[in-house]
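These notes are about the structure you will find just below.
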Amino acid sequence: MDTALFDSAFLGKLEALHLLSRKIFRGRQHAERRSRQTGSSLEFADYRNYTAGDDLRTVDWNVYGRLNRLFIKLFEAEQDLHVSILIDGSASMHWQPEGGEGRLTKFDHARRIAAALGYIALANLDRVNLYPFASTLGEEMGFVRGKGQFHTVLNFLKRLPSTYGGETRMLPSFRTFAHRLKRRGLVFVLSDLFDPEAAEALAFLRAQQFEPAVIRVLDEAEIDPSLQTTARGDLQLLDAESGSRLDLTADAPLLEAYRREFTAFTRTLEERCRSRSITLIPTTTAVGFEDLVLRVLRESHLIR
Amino acid sequence: MTLLNPLGLLLLSLAPVVVLLYLRRVRRREVSVPTLLFWQRALGEQRRTAFLGRLRQWLSLLLHLLILLLLTLAVARPEWGKSPLSGQSTVILLDTRARMQATLPEGGSRFEAARRHARALAATAREGNEIALLAIGARPEVLAPMSAEPLYLLEALEAATPGESGGEIGEALTLARHLLATRPVGHRLVVLSDGGQLPSSEEVEIMAGAGPLDNVAITGFAARSEPASPQTAALLLELANFSAQESAGQVEIEVDGKLLDVRPFTLAPGERKSDFFASLPGAAPGKLVARLALAQGTPDALALDNTAYTLLPTPRPPRVLLVSEGNWFLEKLLTADRSIRFELLTLDGFRPEMARAFDVVIHDHDALPPLEELTGPTLVIRSNPFAGESGKLANPPVTDVDAGNPLLRLVHWSHPTLFEATQLAPEGLDSERFHQLRAEGWSFHAPIRSFEHPLVLTAERGEQRLAVIAFDLTQSDLPLRVAFPLLISNTLQWLHSPRPTPPSALRAGETLVLPAGSQVTGPDGAAVALSPQRPLLQPRHNGFYSVSSDGEERWLAVNTGSEAESDLRITPAANALPAPTLAGVPPFLVRPPWQWLTLAALLLLFLEWWLFHRRRTE
């Protein structure tokens, strides 16, 4: 991962974006996020009657001039947000179709998205933490705050490829995550969701009062294996995660059956996420990174 | 059914190998996937049709074995019908002579009718019934040697075209018998011709040609220089009516594309008529074309002989050099003679080597070179070229005139007055000097003499010619007489025997040997291919051929030139051939069984490949 991937023009665009959170969280420090707690920001919230001891600077003198009564202006307090980014580092995220060497892996794509999300959050003075996971939750980066800490995010992302692998087991990983993190907040999950318990794991996060948003990163060849020219004929398939093998003859009917199964799995995931108000954004490595950040995330109302 | 190669059946022993290869498990290619989750589910869905899958495997094996069986049969070369031991060798002689271009009343030409028969026969070729194709033309030509491949024979037949030449059928028959002589049994000779001098041998089957056809033809067309005027030509045209009814029409003569004359004619049945066209101006290239335009209703089956070609003779005027100190009469005469190209030199300007550039040299002076240096045709006036003892004859009377001598052709020698003549030898032609010259190979004739002394003498040795006028023309009244130009002209013609000119007319199909490096352009304007080492021209079509060699271009007129080709009334007492039974069968269907078997095996192989790649078989 190289900061050159995010040039200054691109970062400028990101800076103008704001993370959209559907919930307002309480924060220990002021940030560019509205909370239900009134405070001393410039955003007007309400009026209340003046009581003794109130700061006279908050009295609305214009209203006093018209009504001859003292009212205090209430402002929304802007507070910081805890943004946790969970990156799937399982072996399937490192997979590439044959002949696709040199292209970005899903994991690379996920790291870029994580870097972008992290930057945006840091630019908004939110607190950002990164968690890799596969069969278990990995070592976290630790919360950082402020744009000056972006290099910490990048350095952490750089180290990830060599330390993670194995099968995807989201539910135990997310349990550990919920146990570790005391404060609730926004959770981005970057994964291919190749886990039969993926829907349960996301539901668990929602049940733990987190606001999960899932960016499902896939390779085109996973959606339609016929795009992979070598995936035809008599094959022995090797599972990149478990190492188990499967003999089959990949003909047109089998490829069609694969597509049906994949679509059915995706549809089930989408329905279960929708029923729990979990944002699920599918993307592929073929989608340009800038497009994803500036268009897909905006369309999904995560960034405004 | 007979197997021509029964050993081919041994290929069937490969069947167990096919089964063994089939039973070997296919080595599967390892492909990494991110998860087996969906593949396992998809496979589970497919295994519900496992029974069909097993059936696919058997279908594949069955196809493999069937392909092997078909290939084995193809290698064994099965044949239906006769066995090779009862085989037959047939030679088909296809007449391609000009007469075969005659149009039949029902449409099409006789050649097409003959070729239809040939096609039907060629289509029956197979192992045990081999067929060869010969063409009857100016000389027999092998169109296709003995072959059992109908397609090959049919291709050779399609390439055959009727020529415009005549020819004898005997040569072709001899060649055909030689071909058959190398075959053991079952000889068959089929002549596909309309007739004309066909043999009536039992071994020969002859196509029943069409009945007699009426035809009008130009049978002769030639031009030659007129003797009295070499610059003009006379033309002879012969017409013949080879029909049982009167024919009428007109004949048009063209010279170099311009209409020269049109003459009507009427010919009684069987009549021949000659026509003469005189005093045609000669001009190069002088391409003469005669065309018949027949009156409506006049039957004419062969259009080919309605046109004839010939060339006007274009003699090259001889170059004549006069070496003289001045002879007014002779100079005027030679200048006026349009049949020669005359040049004058004084004695000072003359060198002996100059004589080579001229056809005739006239020496009219006293300083004559020695006889050995007079190598070309030479006319010597008043001097003695024989370098013997000579003197002068005063007022010699003319005593003998040989009117039959070519020098005196049409000359009326009315005793001119001669004041003086040169005595070539004291005793005339009987002198020792002339005996000596005779011993060296010279021969002498003296058409005009004064007693024993020749006044005009011709001498020849091999191709060398020499003429002597032994008196000074200015010392006689001969130049004032009519005999003078005739004598000089005859003498020059005698001295200048024109070089043999190559032929300017040829019959179609005849062979002409051309000089090396010659290039020939045919009547259609296309170059005729010739062997560079030994160019032989064998024109197949009538018309004018341009022959270029050594920077010179000359023309050849080619005609069929055969009455036998134009007379279509002769038809043979043919042994009618059975009607062609395979005429309607497309040629590509006429194939030996092994080819069909191979084709079927290939189709099955393709089917198996397609099924395998569509994963319909495993």
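A note on labels: chains of the structure tokens are A, B, ... as shown, every chain counts residues from 1, and ligands are counted from 1 in their shown order.
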Exercise for review: Taking only C-alpha atoms into account, report as a list in words which residues of chain B lie within 6 Å of chain A.
Suggested key: Arg28, Arg29, Glu30, Val31, Ser32, Val33, Pro34, Thr35, Leu36, Phe38, Trp39, Ala42 and Arg615 of chain B
Point to revise | Residue neighbourhood segment 177-188 of chain A, 10 Å, only C-alpha atoms, exclusion window fewer than 2 positions, as a PyMOL selection string | key: chain A and resi 19-27+81-87+114+117+127-131+133+136-138+140+171-175+190-191+204-206+208-215+279
Check your understanding: For Val191 of chain B, which of B:Asp275, B:Glu325, B:Asp95, B:Glu353 is the closest residue, counting only C-alpha atoms?
Key -> B:Asp95
**Study point:** Non-local contacts of Gly543 of chain B (6 Å; only C-alpha atoms; under 3 positions in same chain excluded) as a PyMOL selection string
**Key:** chain B and resi 523+557-558
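Within the 6 Å cut-off around segment 390-402 of chain B, using only C-alpha atoms and omitting residues fewer than 2 positions from it on the same chain, the listed residues are Gly388, Gly404, Asn405, Leu418, Phe419, Glu420, Ala421, Thr422, Gln423, Leu424, Ala425, Pro447, Ile448, Arg449, Ser450 and Phe451 of chain B.
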Only N, CA, C and O atoms, please: the residues just picked out, written as a short mmCIF file (atom, residue, chain, number, x, y, z; two decimals), in the first residue's frame.
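Final file, part11.cif:
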data_model
loop_
_atom_site.label_atom_id
_atom_site.label_comp_id
_atom_site.auth_asym_id
_atom_site.auth_seq_id
_atom_site.Cartn_x
_atom_site.Cartn_y
_atom_site.Cartn_z
N GLY B 388 40.89 -12.18 -117.87
CA GLY B 388 41.70 -12.91 -118.84
C GLY B 388 42.20 -11.95 -119.92
O GLY B 388 42.15 -10.73 -119.77
N GLY B 404 14.44 -17.64 -124.17
CA GLY B 404 13.95 -18.36 -122.97
C GLY B 404 14.72 -18.03 -121.71
O GLY B 404 14.34 -18.46 -120.62
N ASN B 405 15.80 -17.32 -121.86
CA ASN B 405 16.59 -16.97 -120.68
C ASN B 405 15.82 -15.98 -119.81
O ASN B 405 15.17 -15.08 -120.32
N LEU B 418 25.29 -1.50 -131.59
CA LEU B 418 26.38 -1.47 -130.60
C LEU B 418 27.63 -0.99 -131.32
O LEU B 418 28.06 -1.58 -132.31
N PHE B 419 28.18 0.09 -130.83
CA PHE B 419 29.40 0.59 -131.48
C PHE B 419 30.62 -0.22 -131.05
O PHE B 419 31.55 -0.39 -131.82
N GLU B 420 30.59 -0.68 -129.82
CA GLU B 420 31.78 -1.40 -129.33
C GLU B 420 31.35 -2.32 -128.19
O GLU B 420 30.41 -2.02 -127.46
N ALA B 421 32.07 -3.45 -128.10
CA ALA B 421 31.79 -4.37 -126.99
C ALA B 421 33.10 -4.91 -126.45
O ALA B 421 34.12 -4.89 -127.14
N THR B 422 33.05 -5.36 -125.23
CA THR B 422 34.25 -5.91 -124.60
C THR B 422 34.34 -7.40 -124.95
O THR B 422 33.36 -8.14 -124.80
N GLN B 423 35.51 -7.77 -125.37
CA GLN B 423 35.73 -9.19 -125.68
C GLN B 423 36.17 -9.87 -124.38
O GLN B 423 37.25 -9.59 -123.86
N LEU B 424 35.28 -10.73 -123.85
CA LEU B 424 35.57 -11.34 -122.55
C LEU B 424 36.70 -12.36 -122.67
O LEU B 424 37.44 -12.58 -121.71
N ALA B 425 36.83 -13.02 -123.81
CA ALA B 425 37.92 -13.97 -124.04
C ALA B 425 38.08 -14.09 -125.55
O ALA B 425 37.10 -13.93 -126.28
N PRO B 447 22.95 -15.37 -123.08
CA PRO B 447 21.68 -15.23 -123.79
C PRO B 447 21.80 -14.38 -125.07
O PRO B 447 21.02 -14.55 -125.99
N ILE B 448 22.77 -13.48 -125.08
CA ILE B 448 22.98 -12.67 -126.30
C ILE B 448 24.46 -12.79 -126.68
O ILE B 448 25.34 -12.56 -125.83
N ARG B 449 24.65 -13.17 -127.90
CA ARG B 449 26.03 -13.35 -128.36
C ARG B 449 26.23 -12.70 -129.72
O ARG B 449 25.28 -12.50 -130.48
N SER B 450 27.48 -12.43 -129.92
CA SER B 450 27.88 -12.04 -131.27
C SER B 450 28.87 -13.12 -131.72
O SER B 450 30.03 -13.12 -131.28
N PHE B 451 28.35 -14.04 -132.45
CA PHE B 451 29.11 -15.24 -132.77
C PHE B 451 29.49 -15.94 -131.47
O PHE B 451 28.63 -16.20 -130.65
#
Review point. Among segment 35-174 of chain A, which ones does DSSP place in alpha helix (DSSP H), written as a ChimeraX atom specification?
Key: /A:61-67,106-123,150-159,170-174
Write a file of the selected residues as a CSV table (one decimal), in the first residue's frame, keeping N, CA and C atoms.
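part_22.csv, written as the output of this step:
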chain,number,residue,atom,x,y,z
A,61,TRP,N,-31.0,37.9,22.4
A,61,TRP,CA,-31.4,39.2,22.7
A,61,TRP,C,-32.4,39.7,21.7
A,62,ASN,N,-32.4,39.2,20.5
A,62,ASN,CA,-33.4,39.6,19.5
A,62,ASN,C,-34.8,39.2,20.0
A,63,VAL,N,-34.9,38.0,20.5
A,63,VAL,CA,-36.2,37.5,21.0
A,63,VAL,C,-36.6,38.3,22.2
A,64,TYR,N,-35.7,38.7,23.1
A,64,TYR,CA,-36.0,39.5,24.2
A,64,TYR,C,-36.5,40.8,23.8
A,65,GLY,N,-36.0,41.4,22.7
A,65,GLY,CA,-36.4,42.7,22.2
A,65,GLY,C,-37.9,42.6,21.7
A,66,ARG,N,-38.2,41.5,21.1
A,66,ARG,CA,-39.6,41.4,20.6
A,66,ARG,C,-40.6,41.0,21.6
A,67,LEU,N,-40.2,40.0,22.5
A,67,LEU,CA,-41.2,39.4,23.4
A,67,LEU,C,-41.0,39.9,24.9
A,106,LYS,N,-8.9,-9.2,-4.0
A,106,LYS,CA,-10.0,-8.6,-3.3
A,106,LYS,C,-9.4,-7.9,-2.0
A,107,PHE,N,-8.4,-8.6,-1.4
A,107,PHE,CA,-7.8,-8.0,-0.2
A,107,PHE,C,-7.2,-6.7,-0.4
A,108,ASP,N,-6.5,-6.5,-1.6
A,108,ASP,CA,-5.9,-5.2,-1.9
A,108,ASP,C,-7.0,-4.2,-2.1
A,109,HIS,N,-8.1,-4.6,-2.8
A,109,HIS,CA,-9.2,-3.7,-3.0
A,109,HIS,C,-9.8,-3.3,-1.6
A,110,ALA,N,-9.9,-4.3,-0.8
A,110,ALA,CA,-10.5,-4.0,0.6
A,110,ALA,C,-9.6,-3.0,1.3
A,111,ARG,N,-8.3,-3.2,1.2
A,111,ARG,CA,-7.4,-2.3,2.0
A,111,ARG,C,-7.5,-0.9,1.4
A,112,ARG,N,-7.7,-0.8,0.2
A,112,ARG,CA,-7.8,0.6,-0.4
A,112,ARG,C,-9.1,1.2,0.1
A,113,ILE,N,-10.1,0.4,0.1
A,113,ILE,CA,-11.4,1.0,0.6
A,113,ILE,C,-11.2,1.4,2.1
A,114,ALA,N,-10.5,0.5,2.9
A,114,ALA,CA,-10.3,0.8,4.3
A,114,ALA,C,-9.5,2.0,4.5
A,115,ALA,N,-8.5,2.2,3.6
A,115,ALA,CA,-7.7,3.4,3.7
A,115,ALA,C,-8.5,4.7,3.5
A,116,ALA,N,-9.4,4.6,2.4
A,116,ALA,CA,-10.2,5.7,2.1
A,116,ALA,C,-11.2,6.0,3.2
A,117,LEU,N,-11.8,5.0,3.7
A,117,LEU,CA,-12.8,5.2,4.8
A,117,LEU,C,-12.1,5.8,6.1
A,118,GLY,N,-10.9,5.2,6.3
A,118,GLY,CA,-10.2,5.7,7.5
A,118,GLY,C,-9.8,7.2,7.3
A,119,TYR,N,-9.4,7.5,6.1
A,119,TYR,CA,-9.0,8.9,5.9
A,119,TYR,C,-10.2,9.9,6.1
A,120,ILE,N,-11.3,9.5,5.5
A,120,ILE,CA,-12.5,10.3,5.6
A,120,ILE,C,-12.9,10.5,7.1
A,121,ALA,N,-12.8,9.4,7.8
A,121,ALA,CA,-13.2,9.5,9.2
A,121,ALA,C,-12.2,10.4,10.0
A,122,LEU,N,-10.9,10.2,9.7
A,122,LEU,CA,-9.9,11.0,10.4
A,122,LEU,C,-10.1,12.5,10.1
A,123,ALA,N,-10.4,12.7,8.8
A,123,ALA,CA,-10.6,14.1,8.4
A,123,ALA,C,-11.8,14.8,9.1
A,150,PHE,N,-3.1,9.5,9.8
A,150,PHE,CA,-3.4,8.6,8.6
A,150,PHE,C,-2.3,7.7,8.3
A,151,HIS,N,-1.0,8.2,8.6
A,151,HIS,CA,0.1,7.3,8.3
A,151,HIS,C,0.1,6.0,9.1
A,152,THR,N,-0.5,6.1,10.3
A,152,THR,CA,-0.6,4.9,11.2
A,152,THR,C,-1.5,3.9,10.5
A,153,VAL,N,-2.6,4.4,9.9
A,153,VAL,CA,-3.6,3.6,9.2
A,153,VAL,C,-2.9,2.9,8.0
A,154,LEU,N,-2.2,3.7,7.3
A,154,LEU,CA,-1.5,3.1,6.1
A,154,LEU,C,-0.5,2.0,6.5
A,155,ASN,N,0.3,2.3,7.5
A,155,ASN,CA,1.3,1.4,7.9
A,155,ASN,C,0.7,0.1,8.4
A,156,PHE,N,-0.4,0.2,9.1
A,156,PHE,CA,-1.1,-1.0,9.6
A,156,PHE,C,-1.6,-1.8,8.4
A,157,LEU,N,-2.2,-1.1,7.5
A,157,LEU,CA,-2.7,-1.9,6.3
A,157,LEU,C,-1.6,-2.6,5.5
A,158,LYS,N,-0.4,-1.9,5.4
A,158,LYS,CA,0.7,-2.5,4.7
A,158,LYS,C,1.1,-3.8,5.3
A,159,ARG,N,1.1,-3.9,6.6
A,159,ARG,CA,1.6,-5.1,7.3
A,159,ARG,C,0.6,-6.3,7.2
A,170,MET,N,-16.7,-15.6,10.6
A,170,MET,CA,-17.1,-14.3,11.0
A,170,MET,C,-17.7,-14.2,12.4
A,171,LEU,N,-18.5,-15.2,12.8
A,171,LEU,CA,-19.2,-15.1,14.0
A,171,LEU,C,-18.3,-15.0,15.3
A,172,PRO,N,-17.3,-16.0,15.4
A,172,PRO,CA,-16.4,-15.9,16.5
A,172,PRO,C,-15.6,-14.7,16.5
A,173,SER,N,-15.2,-14.2,15.3
A,173,SER,CA,-14.4,-13.0,15.2
A,173,SER,C,-15.2,-11.8,15.7
A,174,PHE,N,-16.5,-11.7,15.3
A,174,PHE,CA,-17.3,-10.5,15.6
A,174,PHE,C,-17.6,-10.6,17.2
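One distance worth recording is that between atom CA of Ala387 of chain B and atom CA of Leu322 of chain B, which is 21.0 Å.
Checking B:Glu432, B:Asp366, B:Asp337, B:Asp261 one by one against Phe276 of chain B, counting only C-alpha atoms, you find the shortest gap at B:Asp261.
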Practice item. From segment 128-257 of chain B, collect each residue whose DSSP state is strand (DSSP E) and return the set as a PyMOL selection string. Key: chain B and resi 129-136+141-147+187-192+204-206+215-226+229-242+247-255
Practice item. Name all residues at most 12 Å from Ser109 of chain B (count only C-alpha atoms; drop same-chain ones fewer than 2 positions away) and give them as a PyMOL selection string. Key: chain B and resi 96+98-107+111-116+161-162+193-194+209-210+213+301-303
Can those selected residues be exported to a file as a JSON list (two decimals), in the first residue's frame so that it contains C-alpha atoms?
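Once everything was written out, this is again.json:
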[["chain", "number", "residue", "atom", "x", "y", "z"],
["B", 96, "THR", "CA", -11.89, -32.46, -80.54],
["B", 98, "ALA", "CA", -12.97, -28.58, -85.76],
["B", 99, "ARG", "CA", -15.94, -30.45, -87.19],
["B", 100, "MET", "CA", -17.12, -31.20, -83.64],
["B", 101, "GLN", "CA", -18.02, -27.54, -83.26],
["B", 102, "ALA", "CA", -20.93, -28.07, -85.65],
["B", 103, "THR", "CA", -24.21, -26.99, -84.14],
["B", 104, "LEU", "CA", -26.90, -29.62, -83.80],
["B", 105, "PRO", "CA", -30.48, -28.83, -84.84],
["B", 106, "GLU", "CA", -31.64, -29.47, -81.27],
["B", 107, "GLY", "CA", -29.05, -27.02, -79.92],
["B", 111, "PHE", "CA", -18.59, -31.77, -79.06],
["B", 112, "GLU", "CA", -20.94, -31.15, -76.13],
["B", 113, "ALA", "CA", -22.97, -34.21, -77.11],
["B", 114, "ALA", "CA", -19.80, -36.29, -77.24],
["B", 115, "ARG", "CA", -18.64, -34.91, -73.89],
["B", 116, "ARG", "CA", -21.96, -35.82, -72.28],
["B", 161, "THR", "CA", -12.18, -27.92, -75.50],
["B", 162, "PRO", "CA", -12.82, -28.45, -79.18],
["B", 193, "SER", "CA", -17.00, -38.63, -82.70],
["B", 194, "ASP", "CA", -19.52, -37.54, -85.30],
["B", 209, "GLY", "CA", -23.51, -38.90, -83.83],
["B", 210, "ALA", "CA", -26.09, -36.64, -85.30],
["B", 213, "LEU", "CA", -25.51, -31.59, -91.46],
["B", 301, "ALA", "CA", -23.92, -26.01, -89.21],
["B", 302, "LEU", "CA", -20.29, -24.97, -88.80],
["B", 303, "ALA", "CA", -19.57, -21.28, -88.33]]
**Study point:** Shell of 8 Å around Thr58 of chain A, only C-alpha atoms, local chain residues under 3 positions omitted, as a ChimeraX atom specification
**Key:** /A:54-55,72-74
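Note that atom CA of Glu127 of chain B and atom CA of Leu4 of chain B are 8.6 Å apart.
The residue that comes closest to Val251 of chain B, out of B:Arg433, B:His541, B:Arg291, B:His496 and on the basis of only C-alpha atoms, is B:Arg291.
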